[in-house]
Every structure is written in structure tokens, then in C-alpha cells.
file run.txt (compact mmCIF, C-alpha atoms and all ligand atoms)
# COMPACT_ATOMS: atom_id res chain seq x y z
CA THR A 4 0.00 0.00 0.00
CA THR A 5 1.06 3.58 -0.57
CA ALA A 6 1.07 6.01 2.30
CA ASN A 7 -1.43 8.52 1.01
CA HIS A 8 -3.28 9.03 4.24
CA PHE A 9 -2.23 10.56 7.54
CA LEU A 10 -2.84 7.23 9.26
CA GLU A 11 -3.40 3.92 7.53
CA VAL A 12 -4.40 0.71 9.25
CA ASN A 13 -4.01 -2.12 6.78
CA LYS A 14 -5.80 -5.39 7.49
CA ILE A 15 -4.58 -5.90 11.02
CA ASP A 16 -5.24 -8.97 13.15
CA SER A 17 -4.69 -8.55 16.90
CA PHE A 18 -4.88 -11.13 19.65
CA TYR A 19 -4.93 -11.40 23.44
CA SER A 20 -2.95 -14.62 23.78
CA GLN A 21 -5.16 -17.12 21.88
CA ILE A 22 -8.20 -14.84 21.60
CA GLN A 23 -8.52 -13.00 18.31
CA ALA A 24 -9.90 -9.52 18.90
CA LEU A 25 -9.29 -7.95 15.47
CA ASP A 26 -9.79 -9.68 12.15
CA GLY A 27 -8.52 -7.67 9.21
CA ILE A 28 -9.28 -4.15 10.42
CA ASP A 29 -8.76 -1.72 7.57
CA LEU A 30 -9.19 2.02 8.00
CA PHE A 31 -7.61 5.37 7.34
CA ILE A 32 -7.67 8.88 8.70
CA ASP A 33 -6.81 12.04 6.81
CA LYS A 34 -5.29 15.08 8.42
CA GLY A 35 -7.88 17.31 10.04
CA GLU A 36 -10.65 14.72 10.21
CA ILE A 37 -12.75 13.48 13.07
CA VAL A 38 -13.23 9.77 12.50
CA THR A 39 -15.31 7.64 14.81
CA LEU A 40 -15.39 3.92 15.50
CA ILE A 41 -18.72 2.67 16.73
CA GLY A 42 -19.78 -0.79 17.79
CA SER A 43 -21.10 -2.69 20.76
CA ASN A 44 -19.27 -3.98 23.80
CA GLY A 45 -16.35 -6.21 22.93
CA ALA A 46 -16.49 -5.46 19.19
CA GLY A 47 -12.81 -4.47 19.11
CA LYS A 48 -12.87 -0.68 19.26
CA SER A 49 -10.44 -0.33 22.17
CA THR A 50 -8.18 -2.99 20.72
CA THR A 51 -8.01 -1.02 17.47
CA LEU A 52 -6.83 2.06 19.38
CA LYS A 53 -4.38 0.00 21.40
CA SER A 54 -2.99 -1.54 18.23
CA ILE A 55 -2.40 1.93 16.79
CA SER A 56 -0.84 3.29 19.98
CA GLY A 57 1.48 0.31 20.40
CA GLN A 58 -0.08 -1.21 23.51
CA VAL A 59 -1.13 -4.26 21.52
CA ARG A 60 1.03 -5.54 18.69
CA PRO A 61 -0.86 -6.77 15.62
CA LYS A 62 0.06 -10.23 14.44
CA LYS A 63 -0.72 -9.40 10.82
CA GLY A 64 -1.12 -6.28 8.74
CA SER A 65 0.52 -2.89 9.02
CA ILE A 66 0.00 0.55 10.49
CA ILE A 67 1.49 3.56 8.71
CA PHE A 68 1.60 7.04 10.23
CA GLU A 69 2.79 9.95 8.09
CA GLY A 70 4.39 7.48 5.74
CA LYS A 71 6.29 5.63 8.47
CA GLU A 72 5.53 2.09 9.50
CA ILE A 73 4.72 1.98 13.23
CA THR A 74 3.24 -1.53 13.45
CA LYS A 75 5.98 -2.86 15.72
CA ASN A 76 6.64 0.28 17.71
CA GLN A 77 6.70 0.36 21.48
CA ALA A 78 3.95 2.58 22.90
CA HIS A 79 6.36 5.35 23.93
CA GLN A 80 7.87 5.50 20.43
CA THR A 81 4.44 5.97 18.89
CA ALA A 82 3.62 8.63 21.50
CA LEU A 83 6.78 10.51 20.55
CA LEU A 84 5.74 10.46 16.89
CA GLY A 85 2.60 12.37 17.86
CA ILE A 86 -0.15 9.85 18.56
CA ALA A 87 -1.82 10.26 21.95
CA GLN A 88 -4.46 8.00 23.47
CA VAL A 89 -6.93 8.95 26.17
CA PRO A 90 -7.77 5.56 27.65
CA GLU A 91 -11.21 4.24 28.45
CA GLY A 92 -12.04 4.92 32.10
CA ARG A 93 -9.68 7.92 32.05
CA ARG A 94 -6.87 6.40 34.18
CA ILE A 95 -5.57 9.60 35.62
CA PHE A 96 -3.25 9.36 38.64
CA PRO A 97 -5.72 9.77 41.53
CA ARG A 98 -3.16 10.66 44.21
CA LEU A 99 -1.34 13.22 42.11
CA SER A 100 -2.51 16.79 41.69
CA VAL A 101 -3.99 18.14 38.50
CA ARG A 102 -0.71 19.95 37.85
CA GLU A 103 1.34 16.78 38.35
CA ASN A 104 -0.97 14.78 36.11
CA LEU A 105 -0.50 17.35 33.36
CA GLN A 106 3.27 17.46 33.85
CA ILE A 107 3.45 13.68 33.45
CA GLY A 108 1.72 14.07 30.09
CA ALA A 109 4.73 16.04 28.87
CA PHE A 110 7.20 13.38 29.96
CA SER A 111 9.44 13.88 26.95
CA VAL A 112 9.71 17.66 27.33
CA LYS A 113 12.63 18.98 29.36
CA ASP A 114 12.07 22.72 28.96
CA LYS A 115 10.03 24.02 31.92
CA ASN A 116 8.80 27.01 29.93
CA VAL A 117 7.41 24.77 27.23
CA ILE A 118 5.62 22.69 29.87
CA ALA A 119 4.16 25.84 31.43
CA GLU A 120 2.98 27.09 28.01
CA ARG A 121 1.31 23.80 27.29
CA ILE A 122 -0.44 23.79 30.66
CA GLU A 123 -1.78 27.27 29.84
CA ARG A 124 -2.98 25.96 26.48
CA VAL A 125 -4.84 23.12 28.23
CA PHE A 126 -6.55 25.73 30.44
CA THR A 127 -7.93 27.51 27.39
CA TYR A 128 -9.92 24.34 26.65
CA PHE A 129 -10.55 23.38 30.26
CA PRO A 130 -10.65 26.45 32.52
CA ARG A 131 -12.02 24.21 35.26
CA LEU A 132 -8.65 22.50 35.55
CA LYS A 133 -7.02 25.80 36.39
CA GLU A 134 -9.34 26.19 39.36
CA ARG A 135 -8.45 22.68 40.46
CA LEU A 136 -4.71 22.84 39.84
CA ASN A 137 -3.57 21.64 43.25
CA GLN A 138 -6.41 19.25 43.88
CA LYS A 139 -5.77 15.50 43.76
CA GLY A 140 -7.04 13.97 40.53
CA GLY A 141 -8.99 11.26 42.32
CA THR A 142 -11.10 13.74 44.28
CA MET A 143 -12.56 15.37 41.18
CA SER A 144 -15.84 14.60 39.43
CA GLY A 145 -15.98 12.16 36.51
CA GLY A 146 -16.29 15.00 34.02
CA GLU A 147 -13.31 16.83 35.49
CA GLN A 148 -11.27 13.64 35.41
CA GLN A 149 -12.15 13.19 31.75
CA MET A 150 -11.04 16.77 31.10
CA LEU A 151 -7.80 16.03 32.93
CA ALA A 152 -7.23 12.86 30.92
CA ILE A 153 -7.70 14.79 27.67
CA GLY A 154 -5.55 17.64 28.97
CA ARG A 155 -2.79 15.20 29.87
CA ALA A 156 -2.85 13.81 26.33
CA LEU A 157 -2.67 17.36 24.90
CA MET A 158 0.54 17.98 26.86
CA MET A 159 2.38 15.91 24.23
CA LYS A 160 1.10 18.27 21.55
CA PRO A 161 -0.10 15.28 19.56
CA LYS A 162 -0.85 15.29 15.85
CA LEU A 163 -3.47 12.58 16.28
CA LEU A 164 -5.62 12.39 19.42
CA MET A 165 -7.40 9.10 20.07
CA LEU A 166 -10.22 9.15 22.60
CA ASP A 167 -11.67 5.93 24.00
CA GLU A 168 -15.27 6.45 25.11
CA PRO A 169 -14.91 9.92 26.57
CA SER A 170 -18.65 10.03 27.35
CA MET A 171 -18.63 6.92 29.52
CA GLY A 172 -20.40 7.38 32.84
CA LEU A 173 -20.91 11.11 32.43
CA ALA A 174 -24.11 13.14 32.72
CA PRO A 175 -25.55 14.28 29.37
CA ILE A 176 -24.71 17.93 29.96
CA ILE A 177 -21.06 17.07 30.67
CA VAL A 178 -20.95 14.81 27.61
CA GLU A 179 -22.15 17.74 25.54
CA GLN A 180 -19.37 19.93 26.94
CA ILE A 181 -16.74 17.30 26.18
CA PHE A 182 -18.01 16.87 22.63
CA ASP A 183 -18.01 20.65 22.13
CA ILE A 184 -14.38 20.76 23.19
CA ILE A 185 -13.53 17.88 20.85
CA LYS A 186 -15.10 19.86 18.00
CA GLU A 187 -13.20 22.97 19.00
CA MET A 188 -9.85 21.15 19.14
CA ASN A 189 -10.60 19.74 15.69
CA LYS A 190 -11.43 23.19 14.30
CA GLU A 191 -8.02 24.31 15.47
CA GLY A 192 -6.41 21.57 13.45
CA MET A 193 -6.30 18.47 15.64
CA THR A 194 -7.00 15.17 13.91
CA ILE A 195 -9.21 12.96 16.07
CA LEU A 196 -10.06 9.27 16.28
CA LEU A 197 -13.03 8.84 18.56
CA VAL A 198 -14.30 5.53 19.94
CA GLU A 199 -17.84 5.70 21.23
CA GLN A 200 -20.77 3.56 22.27
CA ASN A 201 -22.73 6.80 22.18
CA ALA A 202 -23.09 6.45 18.42
CA TYR A 203 -25.55 9.27 17.96
CA GLN A 204 -23.32 11.98 19.35
CA ALA A 205 -20.18 10.53 17.79
CA LEU A 206 -21.68 10.39 14.28
CA GLN A 207 -22.98 13.91 14.66
CA ILE A 208 -19.52 15.38 15.05
CA ALA A 209 -17.60 12.93 12.86
CA ASP A 210 -16.58 13.48 9.25
CA ARG A 211 -16.56 9.72 8.77
CA GLY A 212 -17.25 6.62 10.76
CA TYR A 213 -16.54 2.92 10.82
CA VAL A 214 -18.82 0.31 12.35
CA ILE A 215 -16.98 -2.58 14.03
CA GLN A 216 -18.58 -5.93 14.74
CA THR A 217 -16.68 -8.89 16.21
CA GLY A 218 -13.31 -7.56 15.14
CA GLN A 219 -14.28 -6.56 11.62
CA ILE A 220 -15.32 -3.37 9.89
CA VAL A 221 -18.83 -4.04 8.59
CA LEU A 222 -19.74 -0.56 7.37
CA ASN A 223 -18.12 2.78 6.78
CA GLY A 224 -19.14 6.13 5.44
CA LYS A 225 -19.70 9.78 6.16
CA GLY A 226 -21.07 10.54 9.62
CA GLY A 227 -24.36 11.83 8.28
CA GLU A 228 -24.79 8.85 5.95
CA LEU A 229 -24.19 6.31 8.70
CA MET A 230 -26.71 8.10 10.87
CA LYS A 231 -29.34 7.51 8.18
CA ASN A 232 -28.30 3.90 7.55
CA GLU A 233 -31.06 1.45 8.52
CA GLN A 234 -28.64 -1.13 9.98
CA VAL A 235 -26.90 1.49 12.08
CA ARG A 236 -30.18 2.97 13.26
CA GLU A 237 -31.47 -0.39 14.42
CA ALA A 238 -28.30 -1.59 16.09
CA TYR A 239 -26.79 1.59 17.53
CA LEU A 240 -29.25 4.45 17.50
CA ALA A 241 -32.38 2.68 18.73
P1 LIG A 301 -15.62 -2.15 25.12
O1 LIG A 301 -16.46 -1.00 24.85
O2 LIG A 301 -16.28 -3.16 25.99
O3 LIG A 301 -14.21 -1.85 25.51
P2 LIG A 301 -14.52 -2.76 22.56
O4 LIG A 301 -15.26 -2.69 21.28
O5 LIG A 301 -13.58 -1.68 22.86
O6 LIG A 301 -15.58 -2.90 23.72
P3 LIG A 301 -12.33 -4.53 22.96
O7 LIG A 301 -12.08 -4.06 24.34
O8 LIG A 301 -11.42 -4.08 21.91
O9 LIG A 301 -13.82 -4.16 22.56
O10 LIG A 301 -12.40 -6.10 23.00
C1 LIG A 301 -12.39 -6.93 21.84
C2 LIG A 301 -12.35 -8.40 22.24
O11 LIG A 301 -11.12 -8.69 22.90
C3 LIG A 301 -13.44 -8.81 23.21
O12 LIG A 301 -13.86 -10.10 22.87
C4 LIG A 301 -12.76 -8.80 24.54
O13 LIG A 301 -13.36 -9.71 25.42
C5 LIG A 301 -11.36 -9.21 24.20
N1 LIG A 301 -10.39 -8.61 25.12
C6 LIG A 301 -10.21 -7.29 25.36
N2 LIG A 301 -9.20 -7.08 26.23
C7 LIG A 301 -8.74 -8.30 26.58
C8 LIG A 301 -7.70 -8.77 27.43
N3 LIG A 301 -6.93 -7.92 28.13
N4 LIG A 301 -7.52 -10.11 27.53
C9 LIG A 301 -8.28 -10.96 26.82
N5 LIG A 301 -9.27 -10.60 25.99
C10 LIG A 301 -9.50 -9.28 25.85
call {"tool": "encode", "arguments": {"input": "run.txt", "output": "C-alpha cells"}}
result
Amino acid sequence: TTANHFLEVNKIDSFYSQIQALDGIDLFIDKGEIVTLIGSNGAGKSTTLKSISGQVRPKKGSIIFEGKEITKNQAHQTALLGIAQVPEGRRIFPRLSVRENLQIGAFSVKDKNVIAERIERVFTYFPRLKERLNQKGGTMSGGEQQMLAIGRALMMKPKLLMLDEPSMGLAPIIVEQIFDIIKEMNKEGMTILLVEQNAYQALQIADRGYVIQTGQIVLNGKGGELMKNEQVREAYLA
């Protein structure tokens, strides 16, 4: 395959020991897009993100980012190339302060001024975090923790931001806020890969989407088209 797209995932198979989670996943993302992966529990959405970020190594197929093969990268190598993942369930450090959580996000940056600038940048998206700067991550609300998890990923100044179910467990009004911020980040140039069970909201903001079922892509198309698709409506928007 030729590397025409920002990110290309070419027919990957991924396993957890003997269990096959992905079976020939094929997708691409162009610069500046919001692309969403939808599908039910256990379909393979998280595993797709983990395969891209280097937490799971595909057994077959290839992953190309900006023309470079990253299929066999360690997770930190892929992070340094500019791919950040906000994990499902947020996984912030509960005993560390908001500031410390953000600093950890910039682990590869030595310059203190650069770190401070990036923290300020995170505050423009999430002013709430500024108010909570010295509070321990674990004492914040679910929505604030999600904001912190996204903020921590932004500290790397990623080129591609992958979000794994950012709406999980959050009140509708908070979900709306998070989605608004995702849209805003995208408007400012961030490319986004969004995994969601909340298919309605995800398809509304996405340029394109892929539907995953038992480790395979079964449908793909523009966000608006998928929202009108009968199969999608029955299975994910009902
Ligand atoms: P969810 O929303 O529940 O995370 P998902 O679409 O993200 O769903 P995956 O987490 O990617 O699905 O899981 C895909 C398949 O791999 C499932 O059958 C799941 O049971 C299996 N699986 C996921 N993680 C592991 C693991 N650590 N060990 C073994 N099997 C796993």
C-alpha cells in the first residue's frame, strides 16, 4: 500500500494470547478529520486504538503514520511520533494533583517554559482544571477527570488524538461539553479518532465513521450517511 493518508491501518489482526480480537481491520484517517469507531461492547474498538498506539502488537497487517511504519513500535515510540491515546475509564493518577498529572503528560519535554505554556494551552480548553490545579485527581468529578485525561494527552502536543469512550459514565450535559471541546480542538487543526458507544453523538460530530462488529469493519461512510443507515439505526441508534 502507498502512504497517502495521515494514518493507515491495513488489514490488522490482533490477539490477546489465543483470543482473536481484530480480524482484518482496515481504516484510514486524513489530516484534520474526526473519524469515529462505533460498535457494541467487545467489538474491538479499544483494541483497534491500542494496536495503533502500540499497547497491543498486531500479528498481521501494518499501520502507517505519516508514511512511516509503526506496526511494531513500542507505545512510547508511537507517543513521541505524535499519537496520543486517552484511555477508556480515564486512568488519571488519583493521588497526584492536576498539575502533576499534566506534567506527566509532557514526559518527553525537558524545557520548563514549554511545559508551562502547554499547561496554559490546556486551560484555554478546560478552565475548570485551572481552578483545580492543586487538587488531587482522584477527588474530582468524573467530568473533570475526563477533562484532565484529555488535557494530559494534549501535553504531548499530539498530531493525532485518540479518545476511548470519553462520554462513559458522564451526565448528558457534561458529555455535551466534552463533545463541544472535541469539535473545538478539531477546528483548530487536531485530527481525532473517537471511539464511542454513544453512536448518535459521535456520528454527529464525525466526518466519517466505521462500524466494528466482532473484530471486523462491517460498514463505513460519512457521519451523516451512517446516521441515516437502517442497519446502524437499528443496532446503535435505537
Ligand atoms: P468495550 O467498549 O467493551 O471496551 P470494545 O469494542 O472496545 O468494547 P475490545 O475491548 O477491543 O472491545 O475487546 C475486543 C475483544 O477482545 C473482546 O472479545 C474482549 O473480550 C477481548 N479482550 C479485550 N481485552 C482483553 C484482554 N486484556 N484479555 C483478553 N481478551 C480481551
call {"tool": "residues_around", "arguments": {"input": "run.txt", "residues": "Ile37 of chain A", "least_positions_apart": "4", "cutoff": "12 Å", "atoms": "only C-alpha atoms", "output": "count of residues only"}}
result
32
call {"tool": "residues_near_ligand", "arguments": {"input": "run.txt", "ligand": "ligand LIG 301 (chain A)", "cutoff": "7 Å", "atoms": "all atoms listed in the file", "output": "list in words"}}
result
Tyr19, Ile22, Gln23, Ala24, Gly42, Ser43, Asn44, Gly45, Ala46, Gly47, Lys48, Ser49, Thr50, Thr51, Gln200 and Gly218 of chain A
call {"tool": "atom_distance", "arguments": {"input": "run.txt", "atom1": "atom CA of Gln216 of chain A", "atom2": "atom CA of Ala238 of chain A"}}
result
10.7 Å
call {"tool": "closest_residue", "arguments": {"input": "run.txt", "among": "A:Ile220, A:Ile95, A:Met143, A:Met159", "to": "Leu83 of chain A", "atoms": "only C-alpha atoms"}}
result
A:Met159
call {"tool": "atom_distance", "arguments": {"input": "run.txt", "atom1": "atom CA of Phe96 of chain A", "atom2": "atom CA of Glu199 of chain A"}}
result
23.0 Å
call {"tool": "closest_residue", "arguments": {"input": "run.txt", "among": "A:Glu168, A:Asp183, A:Glu123, A:Glu191", "to": "Lys34 of chain A", "atoms": "all atoms listed in the file"}}
result
A:Glu191
call {"tool": "residues_around", "arguments": {"input": "run.txt", "residues": "Ala152 of chain A", "least_positions_apart": "5", "cutoff": "9 Å", "atoms": "all atoms listed in the file", "output": "list in words"}}
result
Val89, Pro90, Arg93, Arg94, Ile95, Asn104, Leu105, Glu147 and Leu157 of chain A
call {"tool": "residues_around", "arguments": {"input": "run.txt", "residues": "segment 127-129 of chain A", "least_positions_apart": "2", "cutoff": "10 Å", "atoms": "only C-alpha atoms", "output": "ChimeraX atom specification"}}
result
/A:121-125,131-134,147,150-151,153-154,181,183-185,187-188
call {"tool": "write_last_selection", "arguments": {"input": "run.txt", "atoms": "C-alpha atoms", "output": "mmCIF file, in the frame of the given file"}}
result
data_model
loop_
_atom_site.group_PDB
_atom_site.id
_atom_site.type_symbol
_atom_site.label_atom_id
_atom_site.label_comp_id
_atom_site.auth_asym_id
_atom_site.auth_seq_id
_atom_site.Cartn_x
_atom_site.Cartn_y
_atom_site.Cartn_z
ATOM 1 C CA ARG A 121 1.310 23.800 27.290
ATOM 2 C CA ILE A 122 -0.440 23.790 30.660
ATOM 3 C CA GLU A 123 -1.780 27.270 29.840
ATOM 4 C CA ARG A 124 -2.980 25.960 26.480
ATOM 5 C CA VAL A 125 -4.840 23.120 28.230
ATOM 6 C CA ARG A 131 -12.020 24.210 35.260
ATOM 7 C CA LEU A 132 -8.650 22.500 35.550
ATOM 8 C CA LYS A 133 -7.020 25.800 36.390
ATOM 9 C CA GLU A 134 -9.340 26.190 39.360
ATOM 10 C CA GLU A 147 -13.310 16.830 35.490
ATOM 11 C CA MET A 150 -11.040 16.770 31.100
ATOM 12 C CA LEU A 151 -7.800 16.030 32.930
ATOM 13 C CA ILE A 153 -7.700 14.790 27.670
ATOM 14 C CA GLY A 154 -5.550 17.640 28.970
ATOM 15 C CA ILE A 181 -16.740 17.300 26.180
ATOM 16 C CA ASP A 183 -18.010 20.650 22.130
ATOM 17 C CA ILE A 184 -14.380 20.760 23.190
ATOM 18 C CA ILE A 185 -13.530 17.880 20.850
ATOM 19 C CA GLU A 187 -13.200 22.970 19.000
ATOM 20 C CA MET A 188 -9.850 21.150 19.140
#
call {"tool": "atom_distance", "arguments": {"input": "run.txt", "atom1": "atom CA of Leu136 of chain A", "atom2": "atom CA of Pro175 of chain A"}}
result
24.8 Å
call {"tool": "closest_residue", "arguments": {"input": "run.txt", "among": "A:Lys53, A:Lys139, A:His8, A:Arg155", "to": "Asp167 of chain A", "atoms": "all atoms listed in the file"}}
result
A:Lys53
call {"tool": "axis_aligned_box", "arguments": {"input": "run.txt", "around": "segment 134-144 of chain A", "padding_each_side": "3 Å", "output": "AutoDock Vina command-line options"}}
result
--center_x -9.7 --center_y 18.7 --center_z 41.8 --size_x 18.3 --size_y 20.9 --size_z 10.9
call {"tool": "residues_around", "arguments": {"input": "run.txt", "residues": "Ser65 of chain A", "least_positions_apart": "4", "cutoff": "12 Å", "atoms": "all atoms listed in the file", "output": "VMD selection string"}}
result
chain A and resid 4 to 6 10 to 17 27 to 31 54 to 55 57 60 to 61 70 to 76
call {"tool": "decode", "arguments": {"input": "run.txt", "residues": "segment 102-154 of chain A", "atoms": "C-alpha atoms", "output": "compact mmCIF listing (two decimals), in the first residue's frame"}}
result
# COMPACT_ATOMS: atom_id res chain seq x y z
CA ARG A 102 -0.71 19.95 37.85
CA GLU A 103 1.34 16.78 38.35
CA ASN A 104 -0.97 14.78 36.11
CA LEU A 105 -0.50 17.35 33.36
CA GLN A 106 3.27 17.46 33.85
CA ILE A 107 3.45 13.68 33.45
CA GLY A 108 1.72 14.07 30.09
CA ALA A 109 4.73 16.04 28.87
CA PHE A 110 7.20 13.38 29.96
CA SER A 111 9.44 13.88 26.95
CA VAL A 112 9.71 17.66 27.33
CA LYS A 113 12.63 18.98 29.36
CA ASP A 114 12.07 22.72 28.96
CA LYS A 115 10.03 24.02 31.92
CA ASN A 116 8.80 27.01 29.93
CA VAL A 117 7.41 24.77 27.23
CA ILE A 118 5.62 22.69 29.87
CA ALA A 119 4.16 25.84 31.43
CA GLU A 120 2.98 27.09 28.01
CA ARG A 121 1.31 23.80 27.29
CA ILE A 122 -0.44 23.79 30.66
CA GLU A 123 -1.78 27.27 29.84
CA ARG A 124 -2.98 25.96 26.48
CA VAL A 125 -4.84 23.12 28.23
CA PHE A 126 -6.55 25.73 30.44
CA THR A 127 -7.93 27.51 27.39
CA TYR A 128 -9.92 24.34 26.65
CA PHE A 129 -10.55 23.38 30.26
CA PRO A 130 -10.65 26.45 32.52
CA ARG A 131 -12.02 24.21 35.26
CA LEU A 132 -8.65 22.50 35.55
CA LYS A 133 -7.02 25.80 36.39
CA GLU A 134 -9.34 26.19 39.36
CA ARG A 135 -8.45 22.68 40.46
CA LEU A 136 -4.71 22.84 39.84
CA ASN A 137 -3.57 21.64 43.25
CA GLN A 138 -6.41 19.25 43.88
CA LYS A 139 -5.77 15.50 43.76
CA GLY A 140 -7.04 13.97 40.53
CA GLY A 141 -8.99 11.26 42.32
CA THR A 142 -11.10 13.74 44.28
CA MET A 143 -12.56 15.37 41.18
CA SER A 144 -15.84 14.60 39.43
CA GLY A 145 -15.98 12.16 36.51
CA GLY A 146 -16.29 15.00 34.02
CA GLU A 147 -13.31 16.83 35.49
CA GLN A 148 -11.27 13.64 35.41
CA GLN A 149 -12.15 13.19 31.75
CA MET A 150 -11.04 16.77 31.10
CA LEU A 151 -7.80 16.03 32.93
CA ALA A 152 -7.23 12.86 30.92
CA ILE A 153 -7.70 14.79 27.67
CA GLY A 154 -5.55 17.64 28.97
